[in-house]
Structures are given as C-alpha cells and as structure tokens.
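Chemist: File name my_file-v4.txt; file contents compact mmCIF, C-alpha atoms; full text below.
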# COMPACT_ATOMS: atom_id res chain seq x y z
CA MET T 166 22.76 -11.99 23.12
CA ASP T 167 22.75 -8.21 23.40
CA GLU T 168 20.14 -5.98 21.81
CA GLN T 169 22.21 -5.07 18.75
CA GLN T 170 22.89 -8.74 18.01
CA ASN T 171 19.17 -9.43 18.28
CA HIS T 172 18.38 -6.71 15.74
CA GLU T 173 21.03 -8.13 13.43
CA LYS T 174 19.63 -11.64 13.82
CA PHE T 175 16.16 -10.49 12.70
CA MET T 176 17.58 -8.43 9.84
CA ARG T 177 19.56 -11.45 8.65
CA MET T 178 16.26 -13.37 8.50
CA ALA T 179 14.80 -10.63 6.29
CA ILE T 180 17.93 -10.68 4.12
CA ARG T 181 17.78 -14.48 3.89
CA LEU T 182 14.17 -14.22 2.63
CA SER T 183 15.35 -11.77 -0.04
CA GLU T 184 18.08 -14.20 -1.14
CA GLN T 185 15.77 -17.23 -1.17
CA ASN T 186 13.33 -15.37 -3.39
CA ILE T 187 15.97 -15.17 -6.12
CA GLU T 188 17.28 -18.68 -5.53
CA GLN T 189 13.76 -20.04 -5.91
CA GLY T 190 13.08 -17.89 -8.97
CA LEU T 191 10.05 -16.30 -7.37
CA GLY T 192 10.75 -12.60 -7.68
CA GLY T 193 12.72 -9.58 -6.56
CA PRO T 194 15.33 -9.61 -3.75
CA PHE T 195 13.17 -8.25 -0.96
CA GLY T 196 12.32 -9.72 2.44
CA ALA T 197 10.66 -8.48 5.62
CA VAL T 198 10.19 -9.87 9.11
CA ILE T 199 7.84 -8.64 11.86
CA VAL T 200 8.85 -9.09 15.48
CA LYS T 201 6.94 -8.62 18.76
CA ASP T 202 8.56 -8.83 22.19
CA GLY T 203 11.67 -10.41 20.70
CA MET T 204 9.75 -13.15 18.86
CA VAL T 205 9.24 -13.46 15.09
CA VAL T 206 5.54 -13.11 14.26
CA ALA T 207 5.74 -13.28 10.46
CA GLY T 208 8.07 -12.99 7.52
CA SER T 209 7.71 -12.81 3.76
CA ALA T 210 9.61 -12.17 0.57
CA ASN T 211 8.14 -10.17 -2.31
CA LYS T 212 5.23 -12.22 -3.71
CA VAL T 213 4.00 -9.98 -6.55
CA VAL T 214 4.60 -12.47 -9.33
CA PRO T 215 3.72 -15.83 -7.69
CA GLN T 216 0.61 -14.39 -6.03
CA LYS T 217 -0.25 -12.19 -9.04
CA ASP T 218 -0.79 -9.33 -6.60
CA PRO T 219 0.95 -5.98 -7.27
CA THR T 220 0.49 -5.05 -3.60
CA ALA T 221 2.32 -8.16 -2.32
CA HIS T 222 5.64 -6.42 -1.63
CA ALA T 223 7.58 -8.09 1.19
CA GLU T 224 6.52 -5.51 3.82
CA ILE T 225 2.80 -5.67 2.98
CA ALA T 226 2.86 -9.47 2.72
CA ALA T 227 4.57 -9.67 6.14
CA ILE T 228 2.11 -7.17 7.68
CA ARG T 229 -0.86 -9.20 6.42
CA LEU T 230 0.61 -12.44 7.78
CA ALA T 231 1.40 -10.83 11.15
CA CYS T 232 -2.17 -9.50 11.42
CA LYS T 233 -3.50 -12.98 10.70
CA GLU T 234 -1.15 -14.47 13.27
CA LEU T 235 -2.05 -11.94 15.97
CA ASN T 236 -5.73 -11.68 14.92
CA THR T 237 -5.73 -7.90 14.74
CA HIS T 238 -5.48 -5.06 12.24
CA ASN T 239 -3.25 -3.12 14.62
CA LEU T 240 0.41 -4.08 15.00
CA GLN T 241 1.29 -1.61 17.72
CA GLY T 242 4.09 -3.12 19.81
CA CYS T 243 5.66 -4.76 16.75
CA VAL T 244 8.69 -3.73 14.71
CA ILE T 245 9.57 -4.48 11.08
CA TYR T 246 12.93 -5.55 9.65
CA THR T 247 13.01 -5.01 5.91
CA SER T 248 15.91 -5.85 3.64
CA CYS T 249 15.28 -2.63 1.70
CA GLU T 250 13.85 0.79 2.50
CA PRO T 251 10.13 0.60 1.67
CA CYS T 252 8.35 2.17 -1.29
CA PRO T 253 5.60 4.74 -0.55
CA MET T 254 2.90 2.03 -0.69
CA CYS T 255 4.68 -0.05 1.95
CA LEU T 256 5.63 2.96 4.05
CA GLY T 257 1.94 3.92 4.07
CA ALA T 258 1.05 0.38 5.14
CA ILE T 259 3.61 0.55 7.98
CA TYR T 260 1.87 3.69 9.27
CA TRP T 261 -1.64 2.22 8.96
CA ALA T 262 -0.46 -0.95 10.75
CA HIS T 263 0.92 1.23 13.58
CA LEU T 264 4.27 -0.53 13.67
CA ASP T 265 6.56 0.98 16.31
CA LYS T 266 9.81 1.08 14.38
CA MET T 267 11.44 0.12 11.09
CA TYR T 268 14.89 -1.40 10.57
CA TYR T 269 16.08 -1.40 6.95
CA ALA T 270 19.25 -2.51 5.15
CA ASN T 271 19.44 -1.47 1.48
CA THR T 272 18.29 2.05 0.63
CA LYS T 273 15.83 3.13 -2.04
CA GLU T 274 18.83 4.39 -4.03
CA ASP T 275 20.27 0.86 -3.89
CA ALA T 276 16.92 -0.45 -5.21
CA ALA T 277 16.93 2.09 -8.03
CA ALA T 278 20.43 0.93 -8.97
CA ILE T 279 19.04 -2.56 -9.71
CA GLN T 280 16.08 -1.10 -11.65
CA PHE T 281 13.48 -1.20 -8.88
CA ASP T 282 12.87 2.48 -9.01
CA ASP T 283 10.11 3.94 -6.89
CA HIS T 284 11.57 7.42 -7.03
CA PHE T 285 8.84 8.57 -9.43
CA ILE T 286 6.18 7.53 -6.91
CA TYR T 287 7.90 9.40 -4.08
CA GLU T 288 8.06 12.45 -6.36
CA ASP T 289 4.51 12.17 -7.64
CA ILE T 290 2.94 11.81 -4.20
CA GLY T 291 4.30 15.23 -3.27
CA ARG T 292 2.70 16.89 -6.30
CA PRO T 293 -0.83 18.27 -6.58
CA LEU T 294 -3.20 15.83 -8.30
CA ALA T 295 -3.28 17.76 -11.58
CA LYS T 296 0.52 17.55 -11.93
CA ARG T 297 0.95 13.82 -11.37
CA ARG T 298 1.75 11.20 -13.99
CA LEU T 299 -1.45 9.34 -13.15
CA PRO T 300 -4.35 11.01 -14.94
CA ALA T 301 -7.05 11.84 -12.35
CA MET T 302 -10.52 13.33 -12.60
CA GLN T 303 -13.02 14.30 -9.93
CA LEU T 304 -16.65 13.19 -10.30
CA LEU T 305 -19.84 13.34 -8.18
CA ARG T 306 -18.32 14.72 -4.97
CA GLU T 307 -21.74 15.86 -3.76
CA GLU T 308 -23.16 12.35 -4.00
CA ALA T 309 -20.14 10.83 -2.26
CA GLN T 310 -20.48 13.36 0.57
CA ILE T 311 -23.73 11.69 1.68
CA ALA T 312 -21.86 8.62 3.00
CA PHE T 313 -19.33 10.87 4.75
CA ARG T 314 -22.14 12.74 6.50
CA LYS T 315 -23.79 9.45 7.47
CA TRP T 316 -20.48 8.23 8.92
CA ASN T 317 -20.31 11.29 11.10
CA SER T 318 -23.78 10.63 12.49
CA THR T 319 -23.28 6.89 13.24
CA ASP T 320 -21.77 5.51 16.43
CA LEU T 321 -19.71 3.12 14.31
CA ASN T 322 -16.66 5.05 15.23
CA ILE T 323 -13.92 2.66 14.24
CA ARG T 324 -10.47 4.19 14.05
CA TYR T 325 -7.87 2.38 12.04
CA MET N 93 -25.29 6.22 -22.78
CA ASP N 94 -22.54 8.75 -23.43
CA GLU N 95 -19.06 8.51 -21.95
CA GLN N 96 -19.67 10.94 -19.09
CA GLN N 97 -22.79 9.02 -18.02
CA ASN N 98 -20.75 5.81 -18.06
CA HIS N 99 -18.12 7.31 -15.77
CA GLU N 100 -20.88 8.51 -13.44
CA LYS N 101 -22.49 5.08 -13.43
CA PHE N 102 -19.24 3.43 -12.27
CA MET N 103 -18.59 6.15 -9.70
CA ARG N 104 -22.09 5.64 -8.31
CA MET N 105 -21.22 1.96 -7.83
CA ALA N 106 -18.13 2.96 -5.83
CA ILE N 107 -20.22 5.42 -3.79
CA ARG N 108 -22.87 2.76 -3.20
CA LEU N 109 -20.16 0.43 -1.81
CA SER N 110 -19.07 3.21 0.55
CA GLU N 111 -22.66 3.65 1.77
CA GLN N 112 -23.30 -0.07 2.19
CA ASN N 113 -20.18 -0.36 4.33
CA ILE N 114 -21.71 1.95 6.91
CA GLU N 115 -25.20 0.48 6.61
CA GLN N 116 -23.76 -2.98 7.28
CA GLY N 117 -21.59 -1.71 10.13
CA LEU N 118 -18.42 -3.01 8.50
CA GLY N 119 -16.19 0.03 8.40
CA GLY N 120 -15.39 3.41 6.91
CA PRO N 121 -17.31 5.02 4.03
CA PHE N 122 -14.98 4.11 1.21
CA GLY N 123 -15.62 2.16 -1.99
CA ALA N 124 -13.71 1.48 -5.21
CA VAL N 125 -14.55 -0.15 -8.53
CA ILE N 126 -12.17 -1.29 -11.28
CA VAL N 127 -13.33 -1.22 -14.89
CA LYS N 128 -11.83 -2.61 -18.10
CA ASP N 129 -13.25 -1.90 -21.57
CA GLY N 130 -16.45 -0.56 -20.07
CA MET N 131 -17.06 -3.64 -17.88
CA VAL N 132 -16.77 -3.86 -14.09
CA VAL N 133 -13.96 -6.24 -13.14
CA ALA N 134 -14.06 -5.85 -9.34
CA GLY N 135 -15.31 -3.64 -6.55
CA SER N 136 -14.78 -3.42 -2.81
CA ALA N 137 -15.46 -1.30 0.22
CA ASN N 138 -12.87 -0.74 2.94
CA LYS N 139 -12.33 -4.11 4.66
CA VAL N 140 -9.73 -3.21 7.31
CA VAL N 141 -11.84 -4.20 10.31
CA PRO N 142 -13.76 -7.26 9.04
CA GLN N 143 -10.66 -8.73 7.37
CA LYS N 144 -8.33 -7.56 10.19
CA ASP N 145 -5.99 -6.25 7.51
CA PRO N 146 -4.71 -2.65 7.75
CA THR N 147 -3.86 -2.72 4.05
CA ALA N 148 -7.43 -3.61 2.99
CA HIS N 149 -8.46 -0.10 2.01
CA ALA N 150 -11.12 -0.06 -0.72
CA GLU N 151 -8.64 0.64 -3.53
CA ILE N 152 -6.17 -2.10 -2.53
CA ALA N 153 -8.97 -4.59 -1.90
CA ALA N 154 -10.43 -3.82 -5.35
CA ILE N 155 -7.00 -4.09 -7.01
CA ARG N 156 -6.43 -7.51 -5.43
CA LEU N 157 -9.84 -8.74 -6.55
CA ALA N 158 -9.33 -7.41 -10.09
CA CYS N 159 -5.93 -9.13 -10.33
CA LYS N 160 -7.53 -12.40 -9.23
CA GLU N 161 -10.34 -11.95 -11.74
CA LEU N 162 -7.97 -11.15 -14.63
CA ASN N 163 -5.24 -13.54 -13.46
CA THR N 164 -2.47 -10.98 -13.65
CA HIS N 165 -0.46 -8.62 -11.45
CA ASN N 166 -0.68 -5.90 -14.11
CA LEU N 167 -3.91 -3.93 -14.54
CA GLN N 168 -2.82 -1.88 -17.54
CA GLY N 169 -5.92 -1.08 -19.57
CA CYS N 170 -8.05 -0.74 -16.43
CA VAL N 171 -9.30 2.38 -14.64
CA ILE N 172 -10.28 2.85 -11.00
CA TYR N 173 -13.28 4.72 -9.61
CA THR N 174 -12.80 5.51 -5.94
CA SER N 175 -15.30 7.29 -3.72
CA CYS N 176 -12.42 9.19 -2.08
CA GLU N 177 -8.99 10.39 -3.15
CA PRO N 178 -6.55 7.62 -2.15
CA CYS N 179 -4.06 7.69 0.71
CA PRO N 180 -0.34 7.33 -0.16
CA MET N 181 -0.47 3.55 0.36
CA CYS N 182 -3.31 3.19 -2.14
CA LEU N 183 -1.85 5.72 -4.55
CA GLY N 184 1.36 3.68 -4.51
CA ALA N 185 -0.66 0.52 -5.19
CA ILE N 186 -2.39 2.22 -8.14
CA TYR N 187 1.02 2.96 -9.66
CA TRP N 188 2.36 -0.56 -9.06
CA ALA N 189 -0.83 -2.03 -10.57
CA HIS N 190 -0.31 0.18 -13.67
CA LEU N 191 -3.89 1.42 -13.73
CA ASP N 192 -4.49 3.85 -16.60
CA LYS N 193 -6.55 6.47 -14.81
CA MET N 194 -8.20 7.33 -11.53
CA TYR N 195 -11.63 8.87 -11.00
CA TYR N 196 -12.30 10.09 -7.45
CA ALA N 197 -15.20 11.81 -5.68
CA ASN N 198 -14.41 13.02 -2.14
CA THR N 199 -11.03 14.65 -1.61
CA LYS N 200 -8.45 13.86 1.05
CA GLU N 201 -9.48 17.08 2.78
CA ASP N 202 -13.05 15.73 2.92
CA ALA N 203 -11.66 12.52 4.50
CA ALA N 204 -9.69 14.53 7.06
CA ALA N 205 -12.91 16.39 7.96
CA ILE N 206 -14.44 13.09 9.10
CA GLN N 207 -11.26 12.11 11.00
CA PHE N 208 -9.70 9.88 8.36
CA ASP N 209 -6.60 11.95 8.14
CA ASP N 210 -3.75 10.70 6.01
CA HIS N 211 -2.19 14.15 5.75
CA PHE N 212 0.61 13.17 8.14
CA ILE N 213 1.56 10.26 5.86
CA TYR N 214 1.63 12.53 2.79
CA GLU N 215 3.84 14.92 4.74
CA ASP N 216 6.12 12.27 6.21
CA ILE N 217 6.79 10.54 2.88
CA GLY N 218 8.29 13.76 1.56
CA ARG N 219 10.72 14.02 4.47
CA PRO N 220 14.16 12.41 4.76
CA LEU N 221 14.07 9.19 6.82
CA ALA N 222 15.66 10.77 9.90
CA LYS N 223 12.95 13.44 10.08
CA ARG N 224 9.91 11.16 9.88
CA ARG N 225 7.55 10.24 12.73
CA LEU N 226 8.35 6.57 12.21
CA PRO N 227 11.64 5.75 13.95
CA ALA N 228 13.97 4.09 11.43
CA MET N 229 17.44 2.61 11.67
CA GLN N 230 19.75 1.17 9.03
CA LEU N 231 21.43 -2.17 9.66
CA LEU N 232 23.63 -4.61 7.68
CA ARG N 233 23.46 -2.89 4.29
CA GLU N 234 26.60 -4.71 3.13
CA GLU N 235 25.00 -8.11 3.76
CA ALA N 236 21.76 -7.10 2.05
CA GLN N 237 23.72 -5.92 -0.98
CA ILE N 238 24.67 -9.52 -1.79
CA ALA N 239 21.11 -10.37 -2.88
CA PHE N 240 20.93 -7.19 -4.95
CA ARG N 241 24.15 -8.14 -6.76
CA LYS N 242 22.84 -11.66 -7.33
CA TRP N 243 19.64 -10.23 -8.77
CA ASN N 244 21.66 -8.24 -11.27
CA SER N 245 23.50 -11.35 -12.41
CA THR N 246 20.42 -13.60 -12.84
CA ASP N 247 18.26 -13.74 -15.93
CA LEU N 248 15.20 -13.66 -13.69
CA ASN N 249 14.46 -10.22 -14.94
CA ILE N 250 10.89 -9.74 -13.85
CA ARG N 251 9.62 -6.19 -13.98
CA TYR N 252 6.62 -5.32 -11.92
In structure tokens, write the structure found in this file.
Modeler:
Amino acid sequence: MDEQQNHEKFMRMAIRLSEQNIEQGLGGPFGAVIVKDGMVVAGSANKVVPQKDPTAHAEIAAIRLACKELNTHNLQGCVIYTSCEPCPMCLGAIYWAHLDKMYYANTKEDAAAIQFDDHFIYEDIGRPLAKRRLPAMQLLREEAQIAFRKWNSTDLNIRY
Amino acid sequence: MDEQQNHEKFMRMAIRLSEQNIEQGLGGPFGAVIVKDGMVVAGSANKVVPQKDPTAHAEIAAIRLACKELNTHNLQGCVIYTSCEPCPMCLGAIYWAHLDKMYYANTKEDAAAIQFDDHFIYEDIGRPLAKRRLPAMQLLREEAQIAFRKWNSTDLNIRY
C-alpha cells in the first residue's frame, strides 16, 4: 500500500466514525483518528452530548484518548485525521498536543452549511477583548501576578 | 457583600488555585472557577502534566467539572473567573460551553512574559490553512460529505 493509500485508509476511519455517530444517534457527524508510525493510536467521534462535555469534539476526544494510550501529554510524532477542519478550540488543542500534521476532509465552510458554524469564534478570537461577543472584565491583576513571579523563581520548569 | 466584592472573592479563589498548583509542584500557575447564581460550581488549576492531558488547561478542566456537577453540556447562566486570559483553545471552549461572562486577572502578555506564549496560536488561527505553522492537507472531501448530507436529513437535530 503506498503512502497516499495509507492516508486515505486512516481518513476513511475518521469518516466512518462521523457516520456511525449519526447512525447511533449520538451526535454530530464528526470523527478523528490519531496515528503514530503508521499505526492507529486512538479515534473518536464527537461526544459532546453523550458525555455532556462541550469540549468533547472529535479531535479533543481523540487527543485525550491518544495521550492515555501513549501515557504522555505530548503527541509529537503523531498525526491527526479529522473528517472536518477543526474549530479554534480543537486547532488550539492540536498545537498544545504538538501533533506533527493534520489531514482534514470537510472544510469549516461545509460545517457552516449544515449549521455547525464556528465562524463567529474564528472572527472573535482575532478581535481585541473589548470588541468580542463574550463580555470580559479584568480583575485583581496585581494579586494574580504573585503566582506568575513565583513560577519564574521555581525550578518547576515544565513546558507544555 | 456588594457585587464587586463578590467578583473579587471568586477571582481570589481562581488565583489561589494558581498558587497552589506551583506550591504542590503540579504545573503552571493557572486557576479557574465557575460560578452560577453566586455559588461556586467547580474550580481547577492547570492539570496538563498530572493528568497527562494537553487539553487540561484550568479553564477546560473547570468547564468539564462544572458540566459534570450540573449534568449538562451547556453552562448558560454561569460565569468563569480565570487567573489568566485564556488561550484560543480555552476561549473556544468558553464559547462552546455558552458561559455568560469571563473575568480574568493576568493578561496573555503576562503569560508570554513567563514563557507561556500562546501568541503564535492566536496569530496562526487568523491565517488561511496553507499559511499556518501546522502542516495541513485535505483528503476525501467527497466521501466525508456523505455524513454531512445524512445529518441534514435526520431529525437528530442537536445543537451544541
């Protein structure tokens, strides 16, 4: 099997997860699979409703499972196949997980066309805090700075 | 206690969680608390390292706990107090959780000053896919469209 066929095989698994999620009445048509060295490490559909967790999009659910499987918070050396271009939350998670590469099938415009519209989040993230939809207010920065200064003076220098 | 004092009380809880995380050697100086009708529903520090979960930033960890506590994936009617302005992943999660308002203490510039720099994610999210740091490739859109069309024709019309 050549490399392209391999990529397609993994993407078909992600797509199959998206289809099963509808067939089983569990939630939106989204699936993601994480692969390391040509082997599937983890896969998940969107689990927001069954798990009552708004962060359980397919990509984040798959990342969490892969981390459990590999016993690490760092997925460097892994790639993700997602049946749809990720929302900003999941894209952020892909960066924090240090995944090497992302393969996607449907686009965010395709998602918007079936009423899963994350366009407003993409837009809002680019705006200054005061101009976002989410009301935000700053409080007690001086007190919160104490922990930041302590962090700088500890040797607990964990990088995520 | 007037309203401002109440907000400060909850923010001090979030700040305390950020401090305890360093004192206990568990991870970065970040804490978040979720409040509904003047009562604390959940709180968490950053748990990335102890939970080996790159998505377990304080805000996401607190959102997950609050959803468990309230038995729902929708936190409308709740507000979040976070000791530091959220990264794009957590900001996305705050939108998907439908939190009413965010109170924050340290800014993302403060976080960058202690080497927790999410600026590159904020920048990258605003760029077209082909210009991002994360390599991305589209595959099999036509096959993935089938699930999207099925979704449109089901009555499983769950909105997150």
Chemist: Between CA of Pro180 in chain N and CA of Ala276 in chain T, what is the distance in Å, rounded to a tenth?
Modeler: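 Computing the Euclidean distance for CA of Pro180 in chain N and CA of Ala276 in chain T yields 19.6 Å.
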Chemist: Work out how far apart CA of Ile238 in chain N and CA of Ile180 in chain T are and give it in Å to one decimal.
Modeler: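 A separation of 9.0 Å between them.
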Chemist: With all C-alpha atoms matched in order and chain N superposed on chain T by least squares, what's the RMSD to one decimal?
Modeler: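 C-alpha RMSD after least-squares superposition: 0.0 Å.
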Chemist: Using all atoms listed in the file, tabulate the residues of chain N lying at most 7 Å from any atom of chain T, each with its closest atom pair and that distance in Å to one decimal, by chain and increasing residue number, as CSV.
Modeler:
residue,atom,partner,partner_atom,distance
N:Ile107,CA,T:Ala309,CA,5.6
N:Ser110,CA,T:Ala312,CA,6.6
N:Glu111,CA,T:Ala312,CA,5.2
N:Ile114,CA,T:Trp316,CA,6.7
N:Gly117,CA,T:Leu321,CA,6.7
N:Gly119,CA,T:Ile323,CA,6.8
N:Pro121,CA,T:Ala312,CA,5.9
N:Val140,CA,T:His238,CA,6.8
N:Val141,CA,T:His238,CA,6.7
N:Lys144,CA,T:His238,CA,4.3
N:Asp145,CA,T:His238,CA,4.9
N:Pro146,CA,T:His238,CA,5.2
N:Thr147,CA,T:Ala258,CA,5.9
N:Arg156,CA,T:Asp218,CA,6.0
N:Cys159,CA,T:Asp218,CA,6.4
N:Asn163,CA,T:Lys217,CA,6.8
N:Thr164,CA,T:Lys217,CA,5.3
N:His165,CA,T:Lys217,CA,4.3
N:Ser175,CA,T:Ala309,CA,6.2
N:Pro180,CA,T:Gly257,CA,5.9
N:Met181,CA,T:Met254,CA,3.8
N:Cys182,CA,T:Met254,CA,6.5
N:Gly184,CA,T:Met254,CA,4.4
N:Ala185,CA,T:Thr220,CA,5.9
N:Trp188,CA,T:Pro219,CA,5.9
N:Ala189,CA,T:Pro219,CA,5.4
N:Lys193,CA,T:Pro300,CA,5.0
N:Met194,CA,T:Ala301,CA,4.7
N:Tyr195,CA,T:Met302,CA,4.9
N:Tyr196,CA,T:Gln303,CA,4.9
N:Ala197,CA,T:Arg306,CA,4.3
N:Asn198,CA,T:Arg306,CA,5.1
N:Ile206,CA,T:Asn317,CA,6.5
N:Ile213,CA,T:Gly257,CA,6.6
N:Ile217,CA,T:Pro253,CA,6.8
N:Gly218,CA,T:Gly291,CA,6.4
N:Leu226,CA,T:Lys266,CA,6.1
N:Pro227,CA,T:Lys266,CA,5.0
N:Ala228,CA,T:Met267,CA,4.7
N:Met229,CA,T:Tyr268,CA,4.9
N:Gln230,CA,T:Tyr269,CA,4.9
N:Leu231,CA,T:Ala270,CA,5.0
N:Leu232,CA,T:Ala270,CA,5.5
N:Arg233,CA,T:Ala270,CA,4.3
N:Ala236,CA,T:Ile180,CA,5.6
N:Gln237,CA,T:Asn271,CA,6.6
N:Ala239,CA,T:Glu184,CA,5.2
N:Phe240,CA,T:Pro194,CA,6.2
N:Trp243,CA,T:Pro194,CA,6.6
N:Asn244,CA,T:Ile279,CA,6.4
N:Leu248,CA,T:Gly190,CA,6.7
N:Ile250,CA,T:Gly192,CA,6.8
Chemist: Between CA of Ile199 in chain T and CA of Ala223 in chain T, measure the distance and give it in Å to one decimal.
Modeler: 10.7 Å
Chemist: Padding 4 Å on each side, edges along x, y and z: where is the centre of the box around the listed atoms of range 216-230 of chain T, and how long are its edges in Å to one decimal? Output it as AutoDock Vina command-line options.
Modeler:
--center_x 3.4 --center_y -9.7 --center_z -0.6 --size_x 16.4 --size_y 17.3 --size_z 24.8
